[in-house]
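Please read the structure below before turning to the comments.
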Amino acid sequence: MHLPLTLLATAGSKRVRLMQAARAQLRLPPAQVLEWRDWLARPDLLGAALAQPGRLKVEPPGDDPAAHLRLLRAGCRLLDRPPVAAPAHGQLLAMDAWFAGFSHAMQDLAAQLARLPQARVFNAPAEITLMTDKLACQRHLAAHGVPVPLLLGAVENYDHLQSLLHEHGLDRVYLKPRYGSSASGVVAYRRNKAGRQQATTSASLSRAHGQTHLFNVKRMARYETRHDIAALVDALAAQQLYAEAWLNKPRCGDSHYDLRVVTVAGQPAHRVARIGDRMMTNLHLDNRRGDASGLLDGAGMRALEDTAALAARAFPASHVTGYDLVVRHGQARVLEANTFGDLLPGLLWQGADTYAAQLARFPHHA
């Protein structure tokens, strides 16, 4: 007898459509979808959905603006802040408050699941939370022996960034929102001895009524004045920001690339190069896919697979995870772990896409 699958997700989203297509391909019944917004309003719906033995997979709530706003305002309450207005499209607003709401929701989910022993999860809520906190996640990976870029730690503001650069003897760093996703608000910062500096970022600055607003954009913005860069860093730091040493990415013709590897059941499976001519190579920024096996030699491929497997061991309660890596000279470093890193439509590994592979390797029989 096939055990049913419940998705905590947004109905109609691309992730749900791909999962349902994979289940149809494997001749499994469709998954039932519990909407994030519905579960947040009525937590008892989970118990009803998982009344019989079954599986639960958590998908990100970001596909639903109503769920995002509910988590954001819950976080404001938890942090004892006044409620915020609904973010405009693409606006980077109070990411730390959103994470507080999301983290609390994951704690509630874990408590519910503890009362539902018949349910098994694809990725445990605690590990979902940990991977959503990028700085904590990188520290966790480093503590488990996984190679990561040098971490400079939290950045409080622009002046603090300058002191961190001086302390570490660095002139180039990546600045990353602690709770961002998909390159949102990431800044490639560099300066030289002549005092010139440059910040390239997917965050666009907007000033109105004496306030600075940030918007995530596909077209990279470049800032070169102290005034603009300080405003950018301060606005991001107010939502929690951290710095890591700049890693040069390997070249591919006139472009450069990093690699996404999806691990399933702890083993490296799907892998793809993300190739672009800009600092950020995320595929949603209109960068292109490449064949990892055509770019890496034997030593590079072994480093890629061994490092991805090592990273997966740091998250033993996560069935499917994405890792972004830089591989150079036979060595790999993990840039980021992504608990929702399986959205790679059409990418096959041993004939299966990421959704069919995770279903096939997660036993669905009683």
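Residue numbers start at 1 in each chain; chains themselves are named A, B, ... in the order of the structure tokens; ligands are numbered from 1 in the order shown.
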
Which residues, written as number ranges by chain, have at least one atom at most 7 Å from region 320-334 of chain A, with only C-alpha atoms counted and residues fewer than 5 positions away on the same chain left out? A: 147-149, 249-250, 258-265, 299-300, 303-304, 307-308, 339-342, 358

Fewer than 6 positions away in the same chain doesn't count, so skip those; otherwise give me all residues within 7 Å of region 239-248 of chain A, counting only C-alpha atoms, as a list in words.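 The neighbour list is Ala94, Met95, Asp96, Leu135, Pro149, Leu150, Leu151, Leu152, Gly153, Ala154, Val155, Arg172, Val173, Tyr174, Leu175, Lys176, Pro177 and Arg178 of chain A.
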
Using DSSP assignments from the backbone, pull out every residue in region 118-290 of chain A that falls under strand (DSSP E) and give it to me as a PyMOL selection string. chain A and resi 119-121+151-155+172-177+187-191+197-208+211-223+241-245+251-252+255-264+267-276+288-290

Got a sec: who's within 9 Å of region 100-114 of chain A, counting only C-alpha atoms, leaving out chain neighbours fewer than 5 positions off, as a PyMOL selection string? chain A and resi 40+43-44+46-47+61+68+70-79+95+119-121+124-126+128-130+132

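Distances to Arg190 (chain A) were evaluated for A:Trp349, A:Trp98, A:Trp36, A:Tyr223 using only C-alpha atoms, and the minimum falls at A:Tyr223.
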
Please identify all polymer residues within 10 Å of Leu141 (chain A), counting only C-alpha atoms, omitting same-chain residues fewer than 3 positions from it, and present them as an mmCIF file with N, CA, C and O atoms, in the first residue's frame.
data_model
loop_
_atom_site.group_PDB
_atom_site.id
_atom_site.type_symbol
_atom_site.label_atom_id
_atom_site.label_comp_id
_atom_site.auth_asym_id
_atom_site.auth_seq_id
_atom_site.Cartn_x
_atom_site.Cartn_y
_atom_site.Cartn_z
ATOM 1 N N MET A 131 19.082 25.708 7.993
ATOM 2 C CA MET A 131 19.564 26.056 6.658
ATOM 3 C C MET A 131 19.018 27.390 6.174
ATOM 4 O O MET A 131 19.588 28.008 5.280
ATOM 5 N N LEU A 135 24.050 32.276 8.128
ATOM 6 C CA LEU A 135 25.261 32.387 8.923
ATOM 7 C C LEU A 135 25.383 31.196 9.878
ATOM 8 O O LEU A 135 26.444 30.567 9.975
ATOM 9 N N ALA A 136 24.309 30.871 10.571
ATOM 10 C CA ALA A 136 24.331 29.711 11.470
ATOM 11 C C ALA A 136 24.621 28.435 10.682
ATOM 12 O O ALA A 136 25.335 27.542 11.157
ATOM 13 N N CYS A 137 24.074 28.343 9.470
ATOM 14 C CA CYS A 137 24.280 27.163 8.646
ATOM 15 C C CYS A 137 25.755 27.024 8.254
ATOM 16 O O CYS A 137 26.321 25.921 8.327
ATOM 17 N N GLN A 138 26.381 28.115 7.831
ATOM 18 C CA GLN A 138 27.796 28.041 7.450
ATOM 19 C C GLN A 138 28.668 27.676 8.645
ATOM 20 O O GLN A 138 29.621 26.896 8.519
ATOM 21 N N HIS A 144 31.360 20.840 11.232
ATOM 22 C CA HIS A 144 31.324 19.442 10.814
ATOM 23 C C HIS A 144 32.398 19.130 9.770
ATOM 24 O O HIS A 144 32.316 18.111 9.071
ATOM 25 N N GLY A 145 33.387 19.997 9.674
ATOM 26 C CA GLY A 145 34.528 19.729 8.812
ATOM 27 C C GLY A 145 34.292 20.006 7.342
ATOM 28 O O GLY A 145 35.101 19.596 6.501
ATOM 29 N N VAL A 146 33.202 20.695 7.007
ATOM 30 C CA VAL A 146 32.909 20.999 5.609
ATOM 31 C C VAL A 146 33.639 22.284 5.222
ATOM 32 O O VAL A 146 33.495 23.301 5.908
ATOM 33 N N PRO A 147 34.409 22.286 4.147
ATOM 34 C CA PRO A 147 35.115 23.510 3.742
ATOM 35 C C PRO A 147 34.138 24.591 3.297
ATOM 36 O O PRO A 147 33.273 24.349 2.445
ATOM 37 N N VAL A 148 34.261 25.768 3.885
ATOM 38 C CA VAL A 148 33.433 26.924 3.516
ATOM 39 C C VAL A 148 34.355 28.133 3.391
ATOM 40 O O VAL A 148 35.484 28.113 3.877
ATOM 41 N N LEU A 310 29.736 15.046 2.358
ATOM 42 C CA LEU A 310 30.136 15.463 3.704
ATOM 43 C C LEU A 310 29.153 16.493 4.255
ATOM 44 O O LEU A 310 28.752 16.434 5.426
ATOM 45 N N ALA A 311 28.743 17.439 3.410
ATOM 46 C CA ALA A 311 27.774 18.440 3.844
ATOM 47 C C ALA A 311 26.443 17.789 4.195
ATOM 48 O O ALA A 311 25.802 18.147 5.192
ATOM 49 N N ALA A 312 26.022 16.815 3.393
ATOM 50 C CA ALA A 312 24.751 16.143 3.666
ATOM 51 C C ALA A 312 24.773 15.426 5.006
ATOM 52 O O ALA A 312 23.744 15.347 5.691
ATOM 53 N N ARG A 313 25.937 14.927 5.394
ATOM 54 C CA ARG A 313 26.030 14.237 6.699
ATOM 55 C C ARG A 313 25.835 15.204 7.857
ATOM 56 O O ARG A 313 25.509 14.781 8.969
ATOM 57 N N ALA A 314 26.034 16.490 7.598
ATOM 58 C CA ALA A 314 25.797 17.485 8.652
ATOM 59 C C ALA A 314 24.310 17.730 8.869
ATOM 60 O O ALA A 314 23.933 18.364 9.851
ATOM 61 N N PHE A 315 23.476 17.209 7.951
ATOM 62 C CA PHE A 315 22.025 17.358 8.060
ATOM 63 C C PHE A 315 21.372 15.981 7.906
ATOM 64 O O PHE A 315 20.727 15.695 6.892
ATOM 65 N N VAL A 334 31.808 24.929 0.093
ATOM 66 C CA VAL A 334 30.365 25.114 0.061
ATOM 67 C C VAL A 334 30.036 26.579 0.335
ATOM 68 O O VAL A 334 30.374 27.114 1.393
ATOM 69 N N GLU A 336 26.812 27.681 0.193
ATOM 70 C CA GLU A 336 25.498 27.763 0.825
ATOM 71 C C GLU A 336 24.818 26.408 0.782
ATOM 72 O O GLU A 336 24.995 25.646 -0.171
ATOM 73 N N ALA A 337 24.052 26.104 1.822
ATOM 74 C CA ALA A 337 23.136 24.965 1.815
ATOM 75 C C ALA A 337 21.725 25.503 1.667
ATOM 76 O O ALA A 337 21.387 26.551 2.215
#

Would you mind telling me which residue in A:Gln197, A:Arg278, A:Ala237, A:His270 lies nearest to Asp254 (chain A) when using only C-alpha atoms?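 Nearest candidate to Asp254 (chain A) out of A:Gln197, A:Arg278, A:Ala237, A:His270: A:Arg278.
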
Looking only at the backbone, which of the residues in region 57-276 of chain A does DSSP tag as alpha helix (DSSP H), as a count of residues only? 75

Of the listed residues A:Leu343, A:Leu56, A:Ala356, A:Leu18, that which approaches Gln32 (chain A) most closely, counting only C-alpha atoms: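 Checking each of A:Leu343, A:Leu56, A:Ala356, A:Leu18 against Gln32 (chain A), counting only C-alpha atoms, the winner is A:Leu56.
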
Could you work out how far CA of Ser184 (chain A) lies from CA of Pro87 (chain A), giving the answer in Å with one decimal? 14.2 Å

Which polymer residues have any atom within 10 Å of an atom of Ser204 (chain A), counting only C-alpha atoms, with same-chain residues fewer than 5 positions away left out, as a ChimeraX atom specification? /A:90-92,185,213-223,232

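One distance worth recording is that between CA of Ser202 (chain A) and CA of Tyr189 (chain A), which is 12.3 Å.
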
Shell around region 288-297 of chain A at 8 Å using only C-alpha atoms, local window under 4 positions removed, as a ChimeraX atom specification: /A:252,259,271-276,283,301

Taking only C-alpha atoms into account, name the residue in A:Ala269, A:Leu7, A:Ala317, A:Val186 that is nearest to Ala357 (chain A). A:Ala269

When distances are computed from only C-alpha atoms, which of A:Ile229, A:Ala143, A:Ala48, A:Leu8 shows the smallest separation from Asn123 (chain A)? A:Leu8
